[in-house]
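Shown here: query-v4.cif, mmCIF, C-alpha atoms.
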```
data_protein
loop_
_atom_site.label_atom_id
_atom_site.label_comp_id
_atom_site.auth_asym_id
_atom_site.auth_seq_id
_atom_site.Cartn_x
_atom_site.Cartn_y
_atom_site.Cartn_z
CA MET A 1 46.99 -19.57 -44.56
CA ALA A 2 49.10 -17.31 -46.69
CA SER A 3 51.25 -20.01 -48.14
CA ASP A 4 53.65 -19.34 -50.96
CA THR A 5 51.48 -21.05 -53.50
CA MET A 6 48.68 -18.51 -53.33
CA THR A 7 48.80 -14.79 -53.68
CA SER A 8 47.35 -12.40 -51.15
CA SER A 9 44.57 -11.27 -53.46
CA TYR A 10 43.58 -14.86 -54.15
CA TYR A 11 43.56 -15.56 -50.43
CA ILE A 12 41.34 -12.57 -49.71
CA THR A 13 38.96 -13.31 -52.56
CA HIS A 14 38.74 -16.90 -51.50
CA HIS A 15 37.78 -15.92 -47.97
CA LEU A 16 35.13 -13.52 -49.18
CA THR A 17 33.42 -15.85 -51.62
CA ASN A 18 30.29 -17.72 -50.62
CA LEU A 19 29.60 -21.33 -51.43
CA THR A 20 26.86 -20.74 -53.98
CA TYR A 21 24.50 -23.23 -55.52
CA GLY A 22 22.44 -21.95 -58.42
CA ASN A 23 21.28 -22.02 -61.98
CA HIS A 24 24.11 -21.00 -64.27
CA PRO A 25 22.82 -19.76 -67.66
CA GLU A 26 25.19 -22.05 -69.53
CA MET A 27 26.00 -24.87 -67.13
CA GLY A 28 22.65 -25.41 -65.37
CA TRP A 29 22.17 -26.09 -61.62
CA LYS A 30 25.51 -26.53 -59.92
CA PHE A 31 27.80 -25.20 -57.22
CA ALA A 32 29.61 -22.13 -58.50
CA ALA A 33 33.27 -22.92 -59.01
CA ASN A 34 34.26 -19.32 -58.32
CA GLY A 35 32.90 -15.84 -57.66
CA GLN A 36 32.58 -15.14 -61.33
CA GLU A 37 30.21 -18.05 -61.89
CA ALA A 38 28.20 -17.07 -58.81
CA GLN A 39 27.78 -13.60 -60.28
CA GLU A 40 26.56 -15.06 -63.56
CA MET A 41 23.93 -17.14 -61.78
CA GLY A 42 22.11 -13.93 -60.82
CA PHE A 43 19.15 -14.21 -58.52
CA MET A 44 18.54 -17.92 -59.06
CA ALA A 45 21.24 -18.98 -56.65
CA ILE A 46 21.55 -19.55 -52.95
CA ASN A 47 24.53 -19.06 -50.67
CA VAL A 48 24.56 -22.47 -49.08
CA ASP A 49 27.14 -21.61 -46.42
CA SER A 50 25.27 -18.48 -45.28
CA MET A 51 21.99 -20.37 -45.06
CA LEU A 52 23.50 -23.34 -43.23
CA TRP A 53 25.31 -21.27 -40.63
CA SER A 54 22.48 -18.82 -40.20
CA VAL A 55 19.78 -21.47 -39.81
CA GLY A 56 22.09 -23.62 -37.71
CA LEU A 57 22.77 -20.77 -35.31
CA GLY A 58 19.07 -19.87 -35.24
CA ILE A 59 18.21 -23.44 -34.31
CA PHE A 60 20.96 -23.44 -31.69
CA PHE A 61 19.50 -20.26 -30.19
CA LEU A 62 15.98 -21.66 -30.10
CA TRP A 63 17.16 -25.03 -28.80
CA LEU A 64 19.13 -23.41 -25.99
CA PHE A 65 16.38 -21.02 -24.95
CA ALA A 66 13.58 -23.57 -25.33
CA LYS A 67 15.50 -26.05 -23.21
CA VAL A 68 15.90 -23.51 -20.44
CA ALA A 69 12.31 -22.30 -20.86
CA LYS A 70 11.00 -25.86 -20.50
CA ASN A 71 12.82 -26.39 -17.22
CA ALA A 72 12.35 -22.83 -16.01
CA THR A 73 11.85 -22.80 -12.28
CA THR A 74 10.24 -20.00 -10.34
CA GLY A 75 12.57 -20.74 -7.45
CA VAL A 76 16.27 -20.04 -7.37
CA PRO A 77 17.51 -20.27 -10.99
CA GLY A 78 20.57 -22.27 -11.93
CA GLY A 79 23.49 -20.99 -13.96
CA ALA A 80 22.06 -21.48 -17.45
CA GLN A 81 18.62 -20.21 -16.51
CA ASN A 82 20.16 -17.21 -14.79
CA PHE A 83 22.12 -16.34 -17.91
CA ILE A 84 19.12 -16.79 -20.23
CA GLU A 85 16.89 -14.78 -17.91
CA MET A 86 19.45 -12.00 -17.84
CA ILE A 87 19.26 -11.75 -21.63
CA VAL A 88 15.47 -11.99 -21.63
CA GLU A 89 15.17 -9.25 -19.01
CA PHE A 90 17.65 -7.07 -20.85
CA VAL A 91 15.63 -7.38 -24.07
CA ASP A 92 12.36 -6.94 -22.23
CA GLU A 93 13.57 -3.75 -20.56
CA ASN A 94 14.68 -2.32 -23.90
CA VAL A 95 11.36 -3.17 -25.50
CA LYS A 96 9.39 -1.67 -22.61
CA SER A 97 11.40 1.55 -22.65
CA VAL A 98 10.78 2.14 -26.37
CA PHE A 99 7.61 0.32 -27.32
CA HIS A 100 4.52 1.38 -25.39
CA HIS A 101 1.80 -0.40 -27.33
CA LYS A 102 0.30 -3.81 -26.79
CA ASN A 103 1.92 -6.31 -29.09
CA SER A 104 3.02 -9.76 -27.99
CA MET A 105 5.21 -10.19 -31.07
CA ILE A 106 7.68 -7.36 -30.53
CA ALA A 107 9.54 -8.73 -27.51
CA PRO A 108 10.10 -12.27 -28.85
CA MET A 109 11.11 -10.78 -32.18
CA SER A 110 13.63 -8.51 -30.45
CA LEU A 111 15.03 -11.45 -28.51
CA THR A 112 15.37 -13.46 -31.70
CA ILE A 113 17.10 -10.59 -33.50
CA PHE A 114 19.46 -9.85 -30.64
CA VAL A 115 20.60 -13.37 -29.90
CA TRP A 116 20.58 -14.59 -33.47
CA VAL A 117 22.52 -11.63 -34.85
CA PHE A 118 24.91 -11.86 -31.92
CA LEU A 119 25.57 -15.55 -32.61
CA MET A 120 26.05 -14.88 -36.32
CA ASN A 121 28.48 -12.08 -35.52
CA LEU A 122 30.23 -14.27 -32.97
CA MET A 123 31.38 -16.57 -35.77
CA ASP A 124 33.70 -13.72 -36.68
CA LEU A 125 35.82 -14.48 -33.62
CA ILE A 126 36.65 -18.00 -34.77
CA PRO A 127 40.08 -17.68 -36.39
CA VAL A 128 39.47 -17.03 -40.07
CA ASP A 129 41.20 -20.12 -41.39
CA TRP A 130 40.04 -22.92 -39.13
CA ILE A 131 36.69 -23.88 -40.58
CA PRO A 132 37.26 -22.76 -44.22
CA HIS A 133 40.49 -24.69 -44.33
CA ALA A 134 38.91 -27.78 -42.76
CA THR A 135 36.10 -27.76 -45.30
CA TYR A 136 38.60 -27.07 -48.07
CA LEU A 137 40.39 -30.25 -47.14
CA MET A 138 37.03 -32.02 -47.29
CA GLY A 139 36.58 -30.87 -50.85
CA ILE A 140 34.29 -27.88 -50.33
CA PRO A 141 35.96 -24.96 -52.16
CA TYR A 142 34.35 -22.03 -50.28
CA MET A 143 33.02 -21.60 -46.76
CA LYS A 144 32.12 -18.21 -45.31
CA ILE A 145 31.15 -18.92 -41.73
CA VAL A 146 29.97 -15.45 -40.69
CA PRO A 147 26.44 -15.14 -42.10
CA SER A 148 26.19 -11.46 -41.19
CA THR A 149 28.98 -10.65 -43.65
CA ASP A 150 26.57 -11.74 -46.38
CA LEU A 151 24.38 -8.84 -47.49
CA ASN A 152 21.59 -11.30 -48.34
CA VAL A 153 21.33 -12.33 -44.70
CA THR A 154 21.25 -8.88 -43.16
CA LEU A 155 18.95 -7.58 -45.89
CA GLY A 156 16.69 -10.60 -45.42
CA MET A 157 16.16 -9.72 -41.77
CA SER A 158 15.72 -6.02 -42.40
CA VAL A 159 13.21 -6.71 -45.19
CA ALA A 160 11.26 -8.93 -42.80
CA VAL A 161 11.26 -6.07 -40.31
CA PHE A 162 10.23 -3.72 -43.11
CA VAL A 163 7.28 -5.93 -43.99
CA LEU A 164 6.26 -5.83 -40.32
CA ILE A 165 6.55 -2.03 -40.35
CA ILE A 166 4.19 -1.80 -43.34
CA PHE A 167 1.85 -4.40 -41.87
CA TYR A 168 1.51 -2.71 -38.49
CA SER A 169 1.30 0.77 -40.02
CA ILE A 170 -1.72 -0.33 -42.05
CA GLN A 171 -3.19 -2.38 -39.21
CA GLN A 172 -2.94 0.49 -36.74
CA LYS A 173 -3.85 3.43 -38.98
CA GLY A 174 -5.68 1.87 -41.91
CA ILE A 175 -4.62 2.24 -45.51
CA GLY A 176 -5.89 5.82 -45.55
CA GLY A 177 -4.10 6.77 -42.37
CA PHE A 178 -0.85 5.27 -43.56
CA MET A 179 -1.12 7.04 -46.93
CA ALA A 180 -1.91 10.31 -45.18
CA GLU A 181 1.13 9.87 -43.00
CA LEU A 182 3.25 9.34 -46.10
CA SER A 183 1.87 12.24 -48.11
CA LEU A 184 0.53 14.99 -45.79
CA GLN A 185 3.65 15.75 -43.79
CA PRO A 186 5.94 17.45 -43.17
CA LEU A 187 4.74 20.31 -45.40
CA GLY A 188 0.96 19.96 -45.60
CA LYS A 189 -1.27 18.88 -48.42
CA TRP A 190 -0.11 21.52 -50.94
CA ALA A 191 3.31 19.89 -51.18
CA LEU A 192 1.96 16.38 -51.52
CA PRO A 193 4.40 15.02 -54.15
CA PHE A 194 7.34 16.42 -52.24
CA ASN A 195 6.06 14.97 -49.00
CA LEU A 196 5.49 11.58 -50.57
CA PHE A 197 8.97 11.52 -52.03
CA LEU A 198 10.54 12.52 -48.74
CA GLU A 199 8.56 10.04 -46.67
CA LEU A 200 9.11 7.16 -49.09
CA VAL A 201 12.84 7.77 -49.04
CA GLY A 202 12.70 7.85 -45.27
CA LEU A 203 10.66 4.67 -45.18
CA LEU A 204 12.95 2.77 -47.56
CA ALA A 205 16.04 4.04 -45.78
CA LYS A 206 14.97 2.14 -42.67
CA PRO A 207 15.53 -1.43 -43.88
CA ILE A 208 18.47 -0.47 -46.08
CA SER A 209 20.36 1.35 -43.34
CA LEU A 210 19.52 -1.48 -40.92
CA ALA A 211 20.96 -4.09 -43.25
CA LEU A 212 23.94 -2.10 -44.49
CA ARG A 213 25.04 -1.04 -41.02
CA LEU A 214 25.30 -4.60 -39.77
CA PHE A 215 26.72 -5.88 -43.03
CA GLY A 216 29.29 -3.09 -43.30
CA ASN A 217 30.54 -3.49 -39.76
CA MET A 218 30.85 -7.23 -39.95
CA TYR A 219 32.32 -7.25 -43.45
CA ALA A 220 34.95 -4.70 -42.47
CA GLY A 221 35.75 -6.61 -39.30
CA GLU A 222 36.11 -9.85 -41.19
CA MET A 223 38.27 -8.11 -43.78
CA ILE A 224 40.64 -6.88 -41.11
CA PHE A 225 40.91 -10.39 -39.63
CA ILE A 226 41.77 -11.67 -43.09
CA LEU A 227 44.38 -8.97 -43.60
CA ILE A 228 45.90 -9.73 -40.22
CA ALA A 229 46.01 -13.39 -41.22
CA LEU A 230 48.23 -12.40 -44.15
CA LEU A 231 50.99 -11.33 -41.75
CA PRO A 232 53.76 -13.73 -40.81
CA PHE A 233 52.33 -16.19 -38.27
CA TRP A 234 54.56 -14.98 -35.42
CA ALA A 235 53.28 -11.39 -35.76
CA GLN A 236 49.59 -12.12 -36.17
CA TRP A 237 48.67 -12.26 -32.47
CA LEU A 238 50.02 -8.74 -31.96
CA LEU A 239 47.14 -7.39 -34.05
CA SER A 240 44.57 -10.15 -34.01
CA VAL A 241 44.24 -10.32 -30.22
CA PRO A 242 43.52 -6.59 -29.72
CA TRP A 243 41.24 -6.55 -32.74
CA ALA A 244 39.35 -9.63 -31.51
CA LEU A 245 38.92 -8.05 -28.08
CA PHE A 246 37.65 -4.87 -29.66
CA HIS A 247 35.46 -6.90 -31.96
CA ILE A 248 33.66 -8.50 -29.02
CA LEU A 249 32.35 -5.02 -28.32
CA VAL A 250 31.47 -4.43 -31.98
CA ILE A 251 29.48 -7.63 -32.45
CA THR A 252 27.47 -7.10 -29.30
CA LEU A 253 26.87 -3.47 -30.15
CA GLN A 254 25.75 -4.26 -33.70
CA ALA A 255 23.34 -6.95 -32.49
CA PHE A 256 21.99 -4.47 -29.94
CA ILE A 257 21.63 -1.67 -32.52
CA PHE A 258 19.81 -3.94 -34.97
CA MET A 259 17.39 -4.94 -32.20
CA VAL A 260 16.79 -1.45 -30.83
CA LEU A 261 16.27 0.10 -34.26
CA SER A 262 13.80 -2.64 -35.18
CA ILE A 263 11.86 -1.89 -31.99
CA VAL A 264 11.98 1.84 -32.67
CA TYR A 265 10.77 1.43 -36.24
CA LEU A 266 7.91 -0.81 -35.14
CA ALA A 267 7.01 1.59 -32.34
CA MET A 268 6.86 4.38 -34.93
CA ALA A 269 4.62 2.18 -37.06
CA HIS A 270 2.24 1.93 -34.08
CA ASP A 271 2.33 5.63 -33.21
CA HIS A 272 -0.37 7.89 -34.52
CA HIS A 273 0.76 11.29 -35.60
CA MET B 1 28.56 -9.91 -53.60
CA SER B 2 25.23 -10.24 -55.26
CA ILE B 3 21.67 -10.43 -54.05
CA ASN B 4 20.20 -13.85 -54.68
CA MET B 5 17.64 -16.27 -53.29
CA THR B 6 19.51 -16.38 -49.99
CA ILE B 7 17.55 -13.27 -49.03
CA ILE B 8 14.28 -15.19 -49.47
CA GLY B 9 15.67 -18.07 -47.43
CA GLN B 10 16.73 -15.67 -44.72
CA ILE B 11 13.31 -13.97 -44.65
CA ILE B 12 11.61 -17.36 -44.28
CA SER B 13 13.96 -18.57 -41.55
CA PHE B 14 13.68 -15.26 -39.71
CA THR B 15 9.89 -15.47 -39.77
CA ILE B 16 9.89 -19.07 -38.57
CA PHE B 17 12.39 -18.37 -35.79
CA VAL B 18 10.44 -15.35 -34.56
CA TRP B 19 7.25 -17.40 -34.61
CA ILE B 20 8.82 -20.28 -32.65
CA CYS B 21 10.36 -17.85 -30.19
CA MET B 22 7.01 -16.13 -29.73
CA LYS B 23 5.17 -19.45 -29.31
CA PHE B 24 7.49 -21.62 -27.24
CA VAL B 25 10.38 -19.61 -25.81
CA TRP B 26 9.23 -16.19 -24.70
CA PRO B 27 6.01 -17.02 -22.80
CA PRO B 28 7.41 -19.67 -20.42
CA LEU B 29 10.49 -17.58 -19.66
CA THR B 30 8.58 -14.40 -18.90
CA ALA B 31 5.96 -16.40 -17.00
CA ALA B 32 8.71 -17.84 -14.80
CA LEU B 33 10.14 -14.37 -14.29
CA ALA B 34 6.77 -12.88 -13.39
CA GLU B 35 6.03 -15.78 -11.06
CA ARG B 36 9.33 -15.35 -9.27
CA GLN B 37 8.75 -11.61 -9.03
CA LYS B 38 5.39 -12.31 -7.38
CA LYS B 39 6.99 -14.81 -5.02
CA ILE B 40 9.67 -12.38 -4.01
CA ALA B 41 7.14 -9.61 -3.46
CA GLU B 42 5.05 -11.94 -1.30
CA GLY B 43 8.14 -13.00 0.59
CA LEU B 44 9.07 -9.39 1.28
CA ASP B 45 5.53 -8.65 2.39
CA ALA B 46 5.60 -11.63 4.74
CA ALA B 47 8.93 -10.49 6.12
CA ASP B 48 7.51 -7.00 6.72
CA LYS B 49 4.47 -8.45 8.44
CA ALA B 50 6.65 -10.71 10.58
CA ALA B 51 8.78 -7.72 11.58
CA ARG B 52 5.64 -5.78 12.55
CA ASP B 53 4.30 -8.77 14.49
CA LEU B 54 7.59 -9.12 16.28
CA GLU B 55 7.55 -5.48 17.27
CA ALA B 56 3.98 -5.77 18.55
CA ALA B 57 4.88 -8.90 20.48
CA GLN B 58 7.88 -7.18 22.00
CA GLN B 59 5.72 -4.25 23.03
CA SER B 60 3.14 -6.51 24.69
CA VAL B 61 5.92 -8.45 26.41
CA GLU B 62 7.29 -5.17 27.70
CA ALA B 63 3.87 -4.11 28.98
CA GLU B 64 3.29 -7.50 30.59
CA LEU B 65 6.67 -7.33 32.24
CA GLN B 66 5.96 -3.87 33.65
CA LYS B 67 2.63 -5.06 34.99
CA SER B 68 4.08 -8.11 36.70
CA LYS B 69 6.91 -6.04 38.15
CA ALA B 70 4.40 -3.64 39.66
CA GLN B 71 2.38 -6.57 40.99
CA ALA B 72 5.43 -8.16 42.53
CA ALA B 73 6.39 -4.88 44.19
CA GLU B 74 2.90 -4.54 45.63
CA LEU B 75 2.99 -8.11 46.91
CA ILE B 76 6.32 -7.56 48.60
CA GLU B 77 5.08 -4.42 50.27
CA GLN B 78 1.97 -6.19 51.53
CA ALA B 79 4.05 -9.05 52.84
CA ASN B 80 6.36 -6.63 54.65
CA LYS B 81 3.42 -4.88 56.23
CA ARG B 82 1.91 -8.19 57.30
CA ALA B 83 5.22 -9.32 58.74
CA ASN B 84 5.54 -6.13 60.77
CA GLN B 85 2.02 -6.58 61.98
CA ILE B 86 2.72 -10.16 63.01
CA VAL B 87 5.86 -9.13 64.86
CA ASP B 88 3.95 -6.39 66.67
CA GLU B 89 1.17 -8.75 67.63
CA ALA B 90 3.68 -11.33 68.85
CA LYS B 91 5.42 -8.67 70.93
CA THR B 92 2.20 -7.58 72.53
CA ALA B 93 1.16 -11.18 73.22
CA ALA B 94 4.55 -12.00 74.73
CA GLN B 95 4.39 -8.87 76.91
CA SER B 96 1.00 -9.73 78.31
CA GLU B 97 1.93 -13.38 78.78
CA GLY B 98 5.03 -12.29 80.66
CA ASP B 99 2.97 -9.97 82.86
CA ARG B 100 0.49 -12.73 83.57
CA ILE B 101 3.22 -15.22 84.47
CA LYS B 102 4.89 -12.64 86.66
CA ALA B 103 1.65 -11.87 88.48
CA ALA B 104 0.94 -15.57 89.01
CA ALA B 105 4.43 -16.12 90.36
CA GLN B 106 4.07 -13.17 92.73
CA ALA B 107 0.74 -14.48 94.03
CA GLU B 108 2.22 -17.90 94.64
CA ILE B 109 5.16 -16.39 96.46
CA GLU B 110 2.84 -14.42 98.69
CA GLN B 111 0.79 -17.50 99.38
CA GLU B 112 3.95 -19.46 100.23
CA VAL B 113 5.09 -16.70 102.56
CA ASN B 114 1.76 -16.65 104.35
CA ARG B 115 1.78 -20.43 104.68
CA ALA B 116 5.31 -20.29 106.10
CA LYS B 117 4.22 -17.59 108.52
CA GLU B 118 1.33 -19.72 109.67
CA ALA B 119 3.57 -22.72 110.18
CA LEU B 120 6.10 -20.64 112.04
CA ARG B 121 3.35 -19.22 114.30
CA ALA B 122 2.18 -22.67 115.11
CA GLN B 123 5.68 -23.83 115.87
CA VAL B 124 6.37 -20.65 117.91
CA ALA B 125 3.31 -21.44 120.04
CA THR B 126 4.52 -24.98 120.64
CA LEU B 127 8.05 -23.72 121.42
CA ALA B 128 6.68 -21.05 123.74
CA VAL B 129 4.65 -23.65 125.67
CA ALA B 130 7.64 -25.96 125.87
CA GLY B 131 9.79 -23.02 127.10
CA ALA B 132 7.26 -22.00 129.59
CA GLU B 133 6.96 -25.62 130.90
CA LYS B 134 10.72 -25.75 131.31
CA ILE B 135 10.69 -22.41 133.08
CA LEU B 136 7.76 -23.22 135.26
CA GLY B 137 8.81 -26.75 135.87
CA ALA B 138 5.39 -27.96 135.39
CA SER B 139 3.29 -28.75 132.55
CA VAL B 140 1.12 -26.20 131.33
CA ASP B 141 -2.25 -27.40 130.81
CA MET B 142 -2.88 -26.92 127.16
CA ASN B 143 -6.48 -26.61 127.73
CA ASN B 144 -6.18 -23.95 130.36
CA HIS B 145 -3.71 -21.86 128.60
CA GLN B 146 -4.88 -22.36 125.12
CA GLU B 147 -6.27 -18.90 124.98
CA LEU B 148 -3.02 -17.39 126.18
CA VAL B 149 -0.90 -19.28 123.74
CA ASP B 150 -3.14 -18.38 120.81
CA LYS B 151 -2.88 -14.78 121.80
CA LEU B 152 0.89 -15.04 121.81
CA ALA B 153 0.99 -16.72 118.48
CA ALA B 154 -1.21 -14.07 116.96
CA GLU B 155 1.09 -11.41 118.19
CA LEU B 156 4.12 -12.96 116.51
#
```

Please lay out the structure from this file as structure tokens.
Amino acid sequence: MASDTMTSSYYITHHLTNLTYGNHPEMGWKFAANGQEAQEMGFMAINVDSMLWSVGLGIFFLWLFAKVAKNATTGVPGGAQNFIEMIVEFVDENVKSVFHHKNSMIAPMSLTIFVWVFLMNLMDLIPVDWIPHATYLMGIPYMKIVPSTDLNVTLGMSVAVFVLIIFYSIQQKGIGGFMAELSLQPLGKWALPFNLFLELVGLLAKPISLALRLFGNMYAGEMIFILIALLPFWAQWLLSVPWALFHILVITLQAFIFMVLSIVYLAMAHDHH
Amino acid sequence: MSINMTIIGQIISFTIFVWICMKFVWPPLTAALAERQKKIAEGLDAADKAARDLEAAQQSVEAELQKSKAQAAELIEQANKRANQIVDEAKTAAQSEGDRIKAAAQAEIEQEVNRAKEALRAQVATLAVAGAEKILGASVDMNNHQELVDKLAAEL
């Protein structure tokens, strides 16, 4: 929607700003009028658009799968059930090939991650202007519809996975075992501080790399869609169609990577060294 | 791009979604999959068993067929033998019956011939007497010449 009345930089900024509701130090609880105000709100703010789309897609995922699960037949499956079962089997195979312990939480968690992240990424393929422009006309100034381009969302999931890593590490090995794992390798007990530093960095890198990888890929993809949208309308399809086709691969791959790495990290948390 | 409470919201929703998925979505789906897997395995087993049964049945049918063929052949041979025997017996019976009939016919013929001879002798005697009467011009006394006539007739 690169009309003459707005500049390119304004257009890009507009598309990359969340609809934020929070406590502004001077103006109290309100929707941020622009990115600057959202910044000033600090931690006491919430990206309403990210939360709405993310929770909405999560509910859609659960609704779809629960509906199929409720009517699941052991006979010949219909189209929807076949499709859902294909995804479930795909996830189950991945979990079984990586995770060899007994834990009834890992597989459902992987399914949730895979489908949910995929759906959130899929929003990227809706032409960048449709929904933001529609909500703009309805009086909502900002609307970022791809939750996975919000660092809060990806970091939220990776932190949840991180908490699970810590929880299962302690559950499986005990506090002592977990501490020993963090401090007695790779160099033995005489290099304890060095070991601890190395292992802590490694441990913290897990959720951060998980979140940043997904965020970075999706943010960059979204950015390119926005840049393509700045071209004259008759030239856009030349770039947007190939990029969208390529992006189908990217969004699936990123959802898959997020899932597999979560499984791997949790498998490592269960493994005794 | 700043970190704010959205991250807390996302952690909470993630936890709730995983919990719901673990409680209500994953178990029925995998149960259905496992059930179907079992069904298919049973079906394949049944098919295998049916194939084995079929093979066994075919083998027994083959054996039965061979047995009945052999029986039939034996029966035919016996029947042939019996038929030959019957034909032989009939031949022999016919032969002897023919011989008997022939012998009977021969005996009757002989009898007939003898009877004719007797009759002829008697007539010859009468004729001879009549001839002699004509020749002699007188009647021959039958009583006187009976002995002579009988002698003549016996000589014929």

TODO: Within 12 Å of range 18-21 of chain B, counting all atoms listed in the file, which residues show up once you throw out same-chain ones fewer than 2 positions away? Write them as a PyMOL selection string, please.
DONE: (chain A and resi 58-59+61-67+69+88+104-116+157+160-161+164) or (chain B and resi 10-16+23-30)

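Here CA of Phe162 in chain A is placed at a distance of 18.9 Å from CA of Gly176 in chain A.
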
Return as a compact mmCIF listing (two decimals) with C-alpha atoms, in the frame of the given file the set of residues that the PyMOL selection byres ((chain A and resi 247) around 12) yields on the displayed structure.
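Wrote result.txt, looks like this:
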```txt
# COMPACT_ATOMS: atom_id res chain seq x y z
CA PHE A 118 24.91 -11.86 -31.92
CA ASN A 121 28.48 -12.08 -35.52
CA LEU A 122 30.23 -14.27 -32.97
CA MET A 123 31.38 -16.57 -35.77
CA ASP A 124 33.70 -13.72 -36.68
CA LEU A 125 35.82 -14.48 -33.62
CA ILE A 126 36.65 -18.00 -34.77
CA ASN A 217 30.54 -3.49 -39.76
CA MET A 218 30.85 -7.23 -39.95
CA TYR A 219 32.32 -7.25 -43.45
CA ALA A 220 34.95 -4.70 -42.47
CA GLY A 221 35.75 -6.61 -39.30
CA GLU A 222 36.11 -9.85 -41.19
CA ILE A 224 40.64 -6.88 -41.11
CA PHE A 225 40.91 -10.39 -39.63
CA LEU A 239 47.14 -7.39 -34.05
CA SER A 240 44.57 -10.15 -34.01
CA VAL A 241 44.24 -10.32 -30.22
CA PRO A 242 43.52 -6.59 -29.72
CA TRP A 243 41.24 -6.55 -32.74
CA ALA A 244 39.35 -9.63 -31.51
CA LEU A 245 38.92 -8.05 -28.08
CA PHE A 246 37.65 -4.87 -29.66
CA ILE A 248 33.66 -8.50 -29.02
CA LEU A 249 32.35 -5.02 -28.32
CA VAL A 250 31.47 -4.43 -31.98
CA ILE A 251 29.48 -7.63 -32.45
CA THR A 252 27.47 -7.10 -29.30
CA LEU A 253 26.87 -3.47 -30.15
CA GLN A 254 25.75 -4.26 -33.70
```

- [ ] Just give me the gap between CA of Asp99 in chain B and CA of Asn114 in chain B in Å, one decimal is fine.
- [x]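 Computed distance, CA of Asp99 in chain B to CA of Asn114 in chain B, equals 22.5 Å.
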
Task: Spatial neighbours of Val68 in chain A, 8 Å, all atoms listed in the file, chain gap at least 5 places, as number ranges by chain - done: A: 80-81, 84

Take the residues that were just selected and, keeping C-alpha atoms, output them as an mmCIF file, in the frame of the given file.
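Writing done, so here's selection05.cif:
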```
data_model
loop_
_atom_site.group_PDB
_atom_site.id
_atom_site.type_symbol
_atom_site.label_atom_id
_atom_site.label_comp_id
_atom_site.auth_asym_id
_atom_site.auth_seq_id
_atom_site.Cartn_x
_atom_site.Cartn_y
_atom_site.Cartn_z
ATOM 1 C CA ALA A 80 22.060 -21.480 -17.450
ATOM 2 C CA GLN A 81 18.620 -20.210 -16.510
ATOM 3 C CA ILE A 84 19.120 -16.790 -20.230
#
```

Open item on the list: Nearest residue to chain A out of B:Ala132, B:Leu44, B:Leu33, B:Ile86, using all atoms listed in the file?
Closed with: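 With all atoms listed in the file as the atom set, the closest residue is B:Leu33.
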
Rebuild range 52-63 of chain B to N, CA and C atoms - output it as a PDB file, keeping the file's coordinate frame, please.
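Wrote out-v7.pdb, looks like this:
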```pdb
ATOM      1  N   ARG B  52       6.644  -6.553  11.792  1.00  0.00           N
ATOM      2  CA  ARG B  52       5.640  -5.780  12.550  1.00  0.00           C
ATOM      3  C   ARG B  52       5.099  -6.595  13.718  1.00  0.00           C
ATOM      4  N   ASP B  53       4.810  -7.889  13.434  1.00  0.00           N
ATOM      5  CA  ASP B  53       4.300  -8.770  14.490  1.00  0.00           C
ATOM      6  C   ASP B  53       5.289  -8.859  15.638  1.00  0.00           C
ATOM      7  N   LEU B  54       6.549  -8.995  15.263  1.00  0.00           N
ATOM      8  CA  LEU B  54       7.590  -9.120  16.280  1.00  0.00           C
ATOM      9  C   LEU B  54       7.615  -7.878  17.161  1.00  0.00           C
ATOM     10  N   GLU B  55       7.508  -6.736  16.504  1.00  0.00           N
ATOM     11  CA  GLU B  55       7.550  -5.480  17.270  1.00  0.00           C
ATOM     12  C   GLU B  55       6.366  -5.403  18.239  1.00  0.00           C
ATOM     13  N   ALA B  56       5.177  -5.791  17.709  1.00  0.00           N
ATOM     14  CA  ALA B  56       3.980  -5.770  18.550  1.00  0.00           C
ATOM     15  C   ALA B  56       4.153  -6.716  19.737  1.00  0.00           C
ATOM     16  N   ALA B  57       4.694  -7.905  19.430  1.00  0.00           N
ATOM     17  CA  ALA B  57       4.880  -8.900  20.480  1.00  0.00           C
ATOM     18  C   ALA B  57       5.850  -8.365  21.536  1.00  0.00           C
ATOM     19  N   GLN B  58       6.909  -7.730  21.052  1.00  0.00           N
ATOM     20  CA  GLN B  58       7.880  -7.180  22.000  1.00  0.00           C
ATOM     21  C   GLN B  58       7.245  -6.128  22.887  1.00  0.00           C
ATOM     22  N   GLN B  59       6.395  -5.291  22.250  1.00  0.00           N
ATOM     23  CA  GLN B  59       5.720  -4.250  23.030  1.00  0.00           C
ATOM     24  C   GLN B  59       4.834  -4.870  24.096  1.00  0.00           C
ATOM     25  N   SER B  60       4.058  -5.913  23.720  1.00  0.00           N
ATOM     26  CA  SER B  60       3.140  -6.510  24.690  1.00  0.00           C
ATOM     27  C   SER B  60       3.935  -7.208  25.796  1.00  0.00           C
ATOM     28  N   VAL B  61       5.069  -7.817  25.397  1.00  0.00           N
ATOM     29  CA  VAL B  61       5.920  -8.450  26.410  1.00  0.00           C
ATOM     30  C   VAL B  61       6.408  -7.398  27.402  1.00  0.00           C
ATOM     31  N   GLU B  62       6.805  -6.269  26.856  1.00  0.00           N
ATOM     32  CA  GLU B  62       7.290  -5.170  27.700  1.00  0.00           C
ATOM     33  C   GLU B  62       6.208  -4.732  28.688  1.00  0.00           C
ATOM     34  N   ALA B  63       4.985  -4.553  28.135  1.00  0.00           N
ATOM     35  CA  ALA B  63       3.870  -4.110  28.980  1.00  0.00           C
ATOM     36  C   ALA B  63       3.584  -5.131  30.067  1.00  0.00           C
TER      37      ALA B  63
END
```
